[in-house]
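So this one's my_file_30.pdb, PDB, C-alpha atoms and all ligand atoms:
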```
ATOM      1  CA  MET A 133       0.756  99.825  55.433  1.00  0.00           C
ATOM      2  CA  GLU A 134      -2.250  97.945  56.777  1.00  0.00           C
ATOM      3  CA  ASN A 135      -4.529  99.942  59.009  1.00  0.00           C
ATOM      4  CA  THR A 136      -4.318  98.249  62.457  1.00  0.00           C
ATOM      5  CA  ASN A 137      -7.850  99.322  63.375  1.00  0.00           C
ATOM      6  CA  ASP A 138      -9.200  97.537  60.281  1.00  0.00           C
ATOM      7  CA  ALA A 139      -7.165  94.391  60.975  1.00  0.00           C
ATOM      8  CA  LEU A 140      -8.470  94.179  64.556  1.00  0.00           C
ATOM      9  CA  HIS A 141     -11.956  95.514  63.712  1.00  0.00           C
ATOM     10  CA  ILE A 142     -11.710  98.128  66.430  1.00  0.00           C
ATOM     11  CA  GLU A 143     -14.752 100.340  66.936  1.00  0.00           C
ATOM     12  CA  PRO A 144     -13.635 102.957  69.485  1.00  0.00           C
ATOM     13  CA  ALA A 145     -17.168 104.353  69.967  1.00  0.00           C
ATOM     14  CA  TRP A 146     -18.584 100.972  71.001  1.00  0.00           C
ATOM     15  CA  LEU A 147     -17.574 101.250  74.684  1.00  0.00           C
ATOM     16  CA  GLY A 148     -19.659 104.431  75.032  1.00  0.00           C
ATOM     17  CA  GLU A 149     -22.567 102.723  73.261  1.00  0.00           C
ATOM     18  CA  VAL A 150     -22.467  99.710  75.607  1.00  0.00           C
ATOM     19  CA  GLU A 151     -22.255 101.931  78.685  1.00  0.00           C
ATOM     20  CA  LYS A 152     -25.126 104.113  77.508  1.00  0.00           C
ATOM     21  CA  GLU A 153     -27.427 101.216  76.592  1.00  0.00           C
ATOM     22  CA  THR A 154     -26.723  99.106  79.703  1.00  0.00           C
ATOM     23  CA  GLY A 155     -26.002 101.787  82.296  1.00  0.00           C
ATOM     24  CA  ILE A 156     -22.980  99.657  83.310  1.00  0.00           C
ATOM     25  CA  GLY A 157     -19.629 101.392  83.932  1.00  0.00           C
ATOM     26  CA  VAL A 158     -17.467  99.034  81.879  1.00  0.00           C
ATOM     27  CA  SER A 159     -14.602 101.533  81.800  1.00  0.00           C
ATOM     28  CA  ALA A 160     -14.212 101.207  85.611  1.00  0.00           C
ATOM     29  CA  CYS A 161     -12.700  97.719  85.167  1.00  0.00           C
ATOM     30  CA  TYR A 162      -8.985  97.647  86.081  1.00  0.00           C
ATOM     31  CA  GLN A 163      -8.419  93.989  85.186  1.00  0.00           C
ATOM     32  CA  CYS A 164      -8.064  92.489  88.658  1.00  0.00           C
ATOM     33  CA  LYS A 165      -9.609  89.235  87.309  1.00  0.00           C
ATOM     34  CA  LYS A 166     -11.744  88.586  90.402  1.00  0.00           C
ATOM     35  CA  CYS A 167     -14.703  87.992  88.069  1.00  0.00           C
ATOM     36  CA  THR A 168     -12.866  85.281  86.135  1.00  0.00           C
ATOM     37  CA  ASN A 169     -11.430  83.654  89.246  1.00  0.00           C
ATOM     38  CA  GLY A 170     -14.940  83.149  90.644  1.00  0.00           C
ATOM     39  CA  CYS A 171     -16.669  82.087  87.434  1.00  0.00           C
ATOM     40  CA  PRO A 172     -17.752  78.419  87.576  1.00  0.00           C
ATOM     41  CA  VAL A 173     -17.724  77.804  83.817  1.00  0.00           C
ATOM     42  CA  THR A 174     -14.400  79.246  82.609  1.00  0.00           C
ATOM     43  CA  PHE A 175     -13.319  75.703  81.624  1.00  0.00           C
ATOM     44  CA  ALA A 176     -15.761  75.888  78.702  1.00  0.00           C
ATOM     45  CA  MET A 177     -15.012  79.482  77.635  1.00  0.00           C
ATOM     46  CA  ASP A 178     -12.802  80.548  74.736  1.00  0.00           C
ATOM     47  CA  ILE A 179     -12.035  83.908  76.387  1.00  0.00           C
ATOM     48  CA  TYR A 180     -12.384  84.741  80.074  1.00  0.00           C
ATOM     49  CA  PRO A 181     -14.934  87.189  81.533  1.00  0.00           C
ATOM     50  CA  ASP A 182     -12.243  89.796  82.379  1.00  0.00           C
ATOM     51  CA  GLN A 183     -11.023  89.525  78.781  1.00  0.00           C
ATOM     52  CA  VAL A 184     -14.551  90.074  77.463  1.00  0.00           C
ATOM     53  CA  ILE A 185     -14.715  93.276  79.517  1.00  0.00           C
ATOM     54  CA  ARG A 186     -11.279  94.365  78.274  1.00  0.00           C
ATOM     55  CA  LEU A 187     -12.232  93.723  74.656  1.00  0.00           C
ATOM     56  CA  VAL A 188     -15.376  95.826  75.117  1.00  0.00           C
ATOM     57  CA  GLN A 189     -13.174  98.608  76.517  1.00  0.00           C
ATOM     58  CA  MET A 190     -10.953  98.268  73.458  1.00  0.00           C
ATOM     59  CA  GLY A 191     -13.885  98.415  71.024  1.00  0.00           C
ATOM     60  CA  GLN A 192     -13.273  94.915  69.631  1.00  0.00           C
ATOM     61  CA  LYS A 193     -16.914  94.330  68.845  1.00  0.00           C
ATOM     62  CA  GLU A 194     -16.585  91.563  66.254  1.00  0.00           C
ATOM     63  CA  ARG A 195     -14.237  89.524  68.452  1.00  0.00           C
ATOM     64  CA  VAL A 196     -16.580  89.738  71.439  1.00  0.00           C
ATOM     65  CA  LEU A 197     -19.799  89.059  69.525  1.00  0.00           C
ATOM     66  CA  SER A 198     -18.323  85.954  67.922  1.00  0.00           C
ATOM     67  CA  CYS A 199     -16.881  84.360  71.077  1.00  0.00           C
ATOM     68  CA  SER A 200     -18.490  81.323  72.688  1.00  0.00           C
ATOM     69  CA  THR A 201     -18.097  82.765  76.201  1.00  0.00           C
ATOM     70  CA  ILE A 202     -21.269  84.844  76.025  1.00  0.00           C
ATOM     71  CA  TRP A 203     -23.277  81.660  75.292  1.00  0.00           C
ATOM     72  CA  VAL A 204     -21.494  79.542  77.867  1.00  0.00           C
ATOM     73  CA  CYS A 205     -22.200  82.130  80.616  1.00  0.00           C
ATOM     74  CA  SER A 206     -24.934  80.784  82.878  1.00  0.00           C
ATOM     75  CA  ALA A 207     -25.912  84.224  84.253  1.00  0.00           C
ATOM     76  CA  CYS A 208     -25.114  83.111  87.819  1.00  0.00           C
ATOM     77  CA  GLU A 209     -23.880  86.671  88.639  1.00  0.00           C
ATOM     78  CA  THR A 210     -20.899  85.512  90.711  1.00  0.00           C
ATOM     79  CA  CYS A 211     -18.687  87.837  88.673  1.00  0.00           C
ATOM     80  CA  THR A 212     -20.950  90.828  89.306  1.00  0.00           C
ATOM     81  CA  THR A 213     -20.962  90.138  93.039  1.00  0.00           C
ATOM     82  CA  ARG A 214     -17.176  89.811  93.194  1.00  0.00           C
ATOM     83  CA  CYS A 215     -16.238  92.883  91.168  1.00  0.00           C
ATOM     84  CA  PRO A 216     -14.643  95.529  93.430  1.00  0.00           C
ATOM     85  CA  ASN A 217     -15.580  98.261  90.962  1.00  0.00           C
ATOM     86  CA  GLY A 218     -19.282  97.455  90.643  1.00  0.00           C
ATOM     87  CA  VAL A 219     -18.995  96.291  87.035  1.00  0.00           C
ATOM     88  CA  ASP A 220     -22.092  94.179  86.317  1.00  0.00           C
ATOM     89  CA  VAL A 221     -20.212  91.608  84.224  1.00  0.00           C
ATOM     90  CA  ALA A 222     -23.252  89.299  83.999  1.00  0.00           C
ATOM     91  CA  GLY A 223     -25.331  92.247  82.728  1.00  0.00           C
ATOM     92  CA  VAL A 224     -22.705  92.905  80.047  1.00  0.00           C
ATOM     93  CA  MET A 225     -22.839  89.224  79.018  1.00  0.00           C
ATOM     94  CA  ASP A 226     -26.636  89.451  78.646  1.00  0.00           C
ATOM     95  CA  TYR A 227     -26.358  92.600  76.570  1.00  0.00           C
ATOM     96  CA  LEU A 228     -23.757  90.977  74.328  1.00  0.00           C
ATOM     97  CA  LYS A 229     -25.982  87.936  73.746  1.00  0.00           C
ATOM     98  CA  GLU A 230     -28.896  90.167  72.765  1.00  0.00           C
ATOM     99  CA  THR A 231     -26.684  92.248  70.472  1.00  0.00           C
ATOM    100  CA  ALA A 232     -25.293  89.108  68.798  1.00  0.00           C
ATOM    101  CA  VAL A 233     -28.823  87.802  68.147  1.00  0.00           C
ATOM    102  CA  ARG A 234     -30.033  91.169  66.796  1.00  0.00           C
ATOM    103  CA  ARG A 235     -27.090  91.304  64.381  1.00  0.00           C
ATOM    104  CA  GLY A 236     -27.623  87.730  63.233  1.00  0.00           C
ATOM    105  CA  ALA A 237     -24.080  86.905  64.321  1.00  0.00           C
ATOM    106  CA  ASP A 238     -22.860  83.323  64.090  1.00  0.00           C
ATOM    107  CA  ILE A 239     -23.588  81.488  67.315  1.00  0.00           C
ATOM    108  CA  PRO A 240     -20.590  79.184  67.919  1.00  0.00           C
ATOM    109  CA  GLN A 241     -22.536  76.792  70.143  1.00  0.00           C
ATOM    110  CA  SER A 242     -26.048  76.757  68.762  1.00  0.00           C
ATOM    111  CA  ASN A 243     -27.179  74.130  71.290  1.00  0.00           C
ATOM    112  CA  THR A 244     -26.142  76.428  74.116  1.00  0.00           C
ATOM    113  CA  TYR A 245     -28.280  79.165  72.577  1.00  0.00           C
ATOM    114  CA  THR A 246     -31.205  76.748  72.139  1.00  0.00           C
ATOM    115  CA  PHE A 247     -30.869  75.776  75.798  1.00  0.00           C
ATOM    116  CA  HIS A 248     -30.785  79.460  76.820  1.00  0.00           C
ATOM    117  CA  ARG A 249     -33.973  80.226  74.822  1.00  0.00           C
ATOM    118  CA  THR A 250     -35.775  77.120  76.059  1.00  0.00           C
ATOM    119  CA  PHE A 251     -34.844  77.939  79.663  1.00  0.00           C
ATOM    120  CA  LEU A 252     -36.254  81.477  79.342  1.00  0.00           C
ATOM    121  CA  ASP A 253     -39.412  80.239  77.578  1.00  0.00           C
ATOM    122  CA  GLU A 254     -40.068  77.859  80.477  1.00  0.00           C
ATOM    123  CA  ILE A 255     -39.630  80.647  83.032  1.00  0.00           C
ATOM    124  CA  ARG A 256     -41.934  82.892  80.978  1.00  0.00           C
ATOM    125  CA  LYS A 257     -44.657  80.222  80.849  1.00  0.00           C
ATOM    126  CA  LEU A 258     -44.506  78.872  84.398  1.00  0.00           C
ATOM    127  CA  GLY A 259     -42.578  81.459  86.397  1.00  0.00           C
ATOM    128  CA  ARG A 260     -40.134  78.670  87.258  1.00  0.00           C
ATOM    129  CA  ILE A 261     -38.384  75.722  85.673  1.00  0.00           C
ATOM    130  CA  SER A 262     -40.055  72.394  85.066  1.00  0.00           C
ATOM    131  CA  GLU A 263     -37.117  70.009  84.711  1.00  0.00           C
ATOM    132  CA  ALA A 264     -39.031  67.494  82.605  1.00  0.00           C
ATOM    133  CA  GLY A 265     -40.457  70.229  80.343  1.00  0.00           C
ATOM    134  CA  LEU A 266     -37.059  71.896  79.947  1.00  0.00           C
ATOM    135  CA  ILE A 267     -35.340  68.660  78.989  1.00  0.00           C
ATOM    136  CA  ARG A 268     -38.138  67.584  76.607  1.00  0.00           C
ATOM    137  CA  ASN A 269     -38.359  70.959  74.825  1.00  0.00           C
ATOM    138  CA  TYR A 270     -34.592  71.374  74.625  1.00  0.00           C
ATOM    139  CA  MET A 271     -34.146  67.901  73.168  1.00  0.00           C
ATOM    140  CA  LEU A 272     -36.877  68.526  70.604  1.00  0.00           C
ATOM    141  CA  LYS A 273     -35.708  71.997  69.530  1.00  0.00           C
ATOM    142  CA  SER A 274     -31.996  71.193  69.420  1.00  0.00           C
ATOM    143  CA  GLY A 275     -32.365  67.944  67.482  1.00  0.00           C
ATOM    144  CA  VAL A 276     -30.720  66.025  70.347  1.00  0.00           C
ATOM    145  CA  LEU A 277     -33.787  63.775  70.661  1.00  0.00           C
ATOM    146  CA  ARG A 278     -33.497  62.687  67.025  1.00  0.00           C
ATOM    147  CA  LYS A 279     -29.769  61.980  67.418  1.00  0.00           C
ATOM    148  CA  ARG A 280     -30.343  59.970  70.615  1.00  0.00           C
ATOM    149  CA  LEU A 281     -33.055  57.947  68.892  1.00  0.00           C
ATOM    150  CA  GLN A 282     -30.775  57.262  65.944  1.00  0.00           C
ATOM    151  CA  ASP A 283     -27.745  56.183  67.978  1.00  0.00           C
ATOM    152  CA  GLY A 284     -29.802  54.284  70.570  1.00  0.00           C
ATOM    153  CA  SER A 285     -28.544  56.317  73.541  1.00  0.00           C
ATOM    154  CA  LEU A 286     -31.991  57.618  74.523  1.00  0.00           C
ATOM    155  CA  ILE A 287     -32.535  54.676  76.827  1.00  0.00           C
ATOM    156  CA  GLY A 288     -29.665  55.916  79.042  1.00  0.00           C
ATOM    157  CA  ASP A 289     -31.333  59.338  79.362  1.00  0.00           C
ATOM    158  CA  LEU A 290     -34.683  57.728  80.194  1.00  0.00           C
ATOM    159  CA  LEU A 291     -33.124  55.561  82.900  1.00  0.00           C
ATOM    160  CA  LEU A 292     -31.364  58.587  84.379  1.00  0.00           C
ATOM    161  CA  GLY A 293     -34.667  60.549  84.337  1.00  0.00           C
ATOM    162  CA  TRP A 294     -36.482  57.659  86.009  1.00  0.00           C
ATOM    163  CA  SER A 295     -33.829  57.424  88.712  1.00  0.00           C
ATOM    164  CA  MET A 296     -34.092  61.206  89.372  1.00  0.00           C
ATOM    165  CA  PHE A 297     -37.901  60.936  89.505  1.00  0.00           C
ATOM    166  CA  LYS A 298     -37.728  58.101  92.050  1.00  0.00           C
ATOM    167  CA  LYS A 299     -35.408  60.177  94.258  1.00  0.00           C
ATOM    168  CA  GLY A 300     -37.805  63.134  94.074  1.00  0.00           C
ATOM    169  CA  ARG A 301     -35.291  65.226  92.084  1.00  0.00           C
ATOM    170  CA  MET A 302     -37.545  65.703  89.052  1.00  0.00           C
ATOM    171  CA  ASN A 303     -41.279  66.450  88.713  1.00  0.00           C
ATOM    172  CA  LEU A 304     -42.987  65.069  85.643  1.00  0.00           C
ATOM    173  CA  LEU A 305     -45.869  67.547  85.779  1.00  0.00           C
ATOM    174  CA  PRO A 306     -45.127  71.279  85.507  1.00  0.00           C
ATOM    175  CA  LYS A 307     -45.940  73.504  88.486  1.00  0.00           C
ATOM    176  CA  LYS A 308     -46.771  77.163  87.924  1.00  0.00           C
ATOM    177  CA  ILE A 309     -46.125  79.961  90.410  1.00  0.00           C
ATOM    178  CA  LYS A 310     -48.757  82.639  91.142  1.00  0.00           C
ATOM    179  CA  ALA A 311     -46.582  85.607  90.170  1.00  0.00           C
ATOM    180  CA  ARG A 312     -45.663  84.303  86.719  1.00  0.00           C
ATOM    181  CA  GLY A 313     -47.200  87.438  85.090  1.00  0.00           C
ATOM    182  CA  GLU A 314     -44.675  89.573  86.965  1.00  0.00           C
ATOM    183  CA  ILE A 315     -41.807  87.278  85.968  1.00  0.00           C
ATOM    184  CA  SER A 316     -42.919  87.515  82.362  1.00  0.00           C
ATOM    185  CA  LYS A 317     -42.923  91.338  82.585  1.00  0.00           C
ATOM    186  CA  ILE A 318     -39.384  91.320  84.023  1.00  0.00           C
ATOM    187  CA  LEU A 319     -38.217  89.144  81.122  1.00  0.00           C
ATOM    188  CA  LYS A 320     -39.816  91.499  78.585  1.00  0.00           C
TER     189      LYS A 320
HETATM  190  S1  LIG A 401     -13.703  91.870  88.763  1.00  0.00           S
HETATM  191 FE1  LIG A 401     -14.377  93.816  87.920  1.00  0.00          FE
HETATM  192  S2  LIG A 401     -12.524  95.098  87.892  1.00  0.00           S
HETATM  193 FE2  LIG A 401     -11.861  92.975  88.172  1.00  0.00          FE
HETATM  194  S3  LIG A 401     -11.454  92.246  86.069  1.00  0.00           S
HETATM  195 FE3  LIG A 401     -13.559  91.681  86.542  1.00  0.00          FE
HETATM  196  S4  LIG A 401     -14.801  93.379  85.774  1.00  0.00           S
HETATM  197 FE4  LIG A 401     -12.690  94.084  85.902  1.00  0.00          FE
HETATM  198  S1  LIG A 402     -22.515  85.311  85.237  1.00  0.00           S
HETATM  199 FE1  LIG A 402     -21.472  84.239  83.567  1.00  0.00          FE
HETATM  200  S2  LIG A 402     -19.432  85.163  83.475  1.00  0.00           S
HETATM  201 FE2  LIG A 402     -20.318  85.706  85.441  1.00  0.00          FE
HETATM  202  S3  LIG A 402     -19.559  84.178  86.881  1.00  0.00           S
HETATM  203 FE3  LIG A 402     -21.577  83.471  86.159  1.00  0.00          FE
HETATM  204  S4  LIG A 402     -21.146  82.190  84.376  1.00  0.00           S
HETATM  205 FE4  LIG A 402     -19.271  83.355  84.798  1.00  0.00          FE
END
```

Mind turning this structure into C-alpha cells?
Amino acid sequence: MENTNDALHIEPAWLGEVEKETGIGVSACYQCKKCTNGCPVTFAMDIYPDQVIRLVQMGQKERVLSCSTIWVCSACETCTTRCPNGVDVAGVMDYLKETAVRRGADIPQSNTYTFHRTFLDEIRKLGRISEAGLIRNYMLKSGVLRKRLQDGSLIGDLLLGWSMFKKGRMNLLPKKIKARGEISKILK
C-alpha cells in the first residue's frame, strides 16, 4: 500500500521549524478565514491565505512552496491585522517566499517575483519608491520592455505614463529619503 505521507509529501516537523524560525504561532490558527476574507488579492491566488496556514500546520511543505499565492501576496498585512489569534499571516508569507528562493523552488509567476525584487531594490536604494524607476527597472529585468517593443504596445504605456505625469501622479526623477540607511538595515 502506498504511504500516504509520501504521496502528500508531508513533513510533520516543518510546522515546528517555521514557528521557531519566524517566532509566529502558526498552530494557533483555528481556520476562521478572517485573513482570507480581508485579503485584496485572493482573486489571483491558487490557494487562499487560510489554506496556506493550514497546509503549514499539516507539514505540506512542497505544496506550499510551489503555490503562486506566496508570490501574489502584496505584503499589505491586512490578514495579520484581522487575525483574532495574532497569527502574522503576512510574516509567514514572507518567510515562505524566502524559503522558496533559498531552495531554488520553481517560481510559478516569475514576473511577480521580478516585480517583488525590483520593488525591494528600489526601497533599499532610495528609502521609498520611485514610480518611474520601478516601472523602468521592472520592464527591463522581466523582459516586458522587449515584448512591448516587439508587439508595438509600448506606445500605450508611454501615453499612460505621460498622462500620469501631467496629473502629478508620477515623478520622473527619483527622490531619496534621509533615513534610507535605516530602511536598508531593516530590509537586511
Ligand atoms: S484569521 Fe487567523 S485564525 Fe483565522 S484563518 Fe486566518 S490565520 Fe487562521
Ligand atoms: S499580506 Fe498578503 S495574504 Fe495578507 S492580506 Fe495582504 S496580500 Fe493578502

In terms of the shortest atom-to-atom distance over all atoms listed in the file, which of A:Ser206, A:Ser295, A:Leu305, A:Ser285 is closest to Arg268 of chain A?
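Once distances to Arg268 of chain A are computed over all atoms listed in the file, the minimum belongs to A:Leu305.
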
Report as CSV the residues of segment 221-318 of chain A within 12 Å of segment 154-160 of chain A, each with its shortest atom pair and distance in Å (one decimal), using only C-alpha atoms, ordered by chain and increasing residue number.
```
residue,atom,partner,partner_atom,distance
A:Val221,CA,A:Val158,CA,8.3
A:Ala222,CA,A:Ile156,CA,10.4
A:Gly223,CA,A:Thr154,CA,7.6
A:Val224,CA,A:Thr154,CA,7.4
A:Met225,CA,A:Thr154,CA,10.6
A:Asp226,CA,A:Thr154,CA,9.7
A:Tyr227,CA,A:Thr154,CA,7.2
A:Leu228,CA,A:Thr154,CA,10.2
A:Glu230,CA,A:Thr154,CA,11.5
A:Thr231,CA,A:Thr154,CA,11.5
```

To one decimal place, how far is atom CA of Leu290 of chain A from atom CA of Glu254 of chain A in Å?
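Answer for the atom CA of Leu290 of chain A to atom CA of Glu254 of chain A separation: 20.8 Å.
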
Could the residues that lie within 12 Å of ligand LIG 401 (chain A), counting all atoms listed in the file, be listed as a PyMOL selection string?
chain A and resi 156-171+180-189+209-225

Give the padded box for segment 179-183 of chain A as JSON: axis-aligned, covering all atoms listed in the file, 8 Å on each side, centre and edge lengths in Å to one decimal.
```
{"center_x": -13.0, "center_y": 86.9, "center_z": 79.4, "size_x": 19.9, "size_y": 21.9, "size_z": 22.0}
```

Applying the PyMOL selection byres (((chain A and resi 256-261) around 9) and not hetatm) to the file I just gave you, which residues come out? Please list them as a PyMOL selection string.
chain A and resi 251-255+262-266+306-317+319

If you apply the PyMOL selection byres (((chain A and resi 203) around 12) and not hetatm) to this file, what residues do you get, as a PyMOL selection string?
chain A and resi 173-174+176-179+181+196-202+204-207+222+225-230+232-233+238-249

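Across the model, the gap from atom FE3 of ligand LIG 402 (chain A) to atom CA of Met271 of chain A is 23.9 Å.
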
Nearest to Asp289 of chain A: which of A:Ile267, A:Gly275, A:Asn303, A:Glu153 is it, counting only C-alpha atoms?
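Going through A:Ile267, A:Gly275, A:Asn303, A:Glu153 one by one, the smallest distance to Asp289 of chain A is for A:Ile267.
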
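Going from atom CA of Lys193 of chain A over to atom CA of Ile142 of chain A, you cover 6.9 Å.
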
Kindly indicate which residue among A:Leu286, A:Leu281, A:Met296, A:Cys208 lies nearest to ligand LIG 402 (chain A), using all atoms listed in the file for the distances.
A:Cys208

Picked residues, the PyMOL selection byres (((chain A and resi 143) around 8) and not hetatm), expected as a PyMOL selection string
chain A and resi 137+141-142+144-146+190-193

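The smallest atom-to-atom distance between ligand LIG 402 (chain A) and any of A:Leu292, A:Phe175, A:Glu151, A:Gln282, using only C-alpha atoms and all ligand atoms, is found for A:Phe175.
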
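The shortest atom-to-atom distance to ligand LIG 402 (chain A), with all atoms listed in the file taken into account, belongs to A:Pro172 out of A:Pro172, A:Ile318, A:Leu272, A:Trp294.
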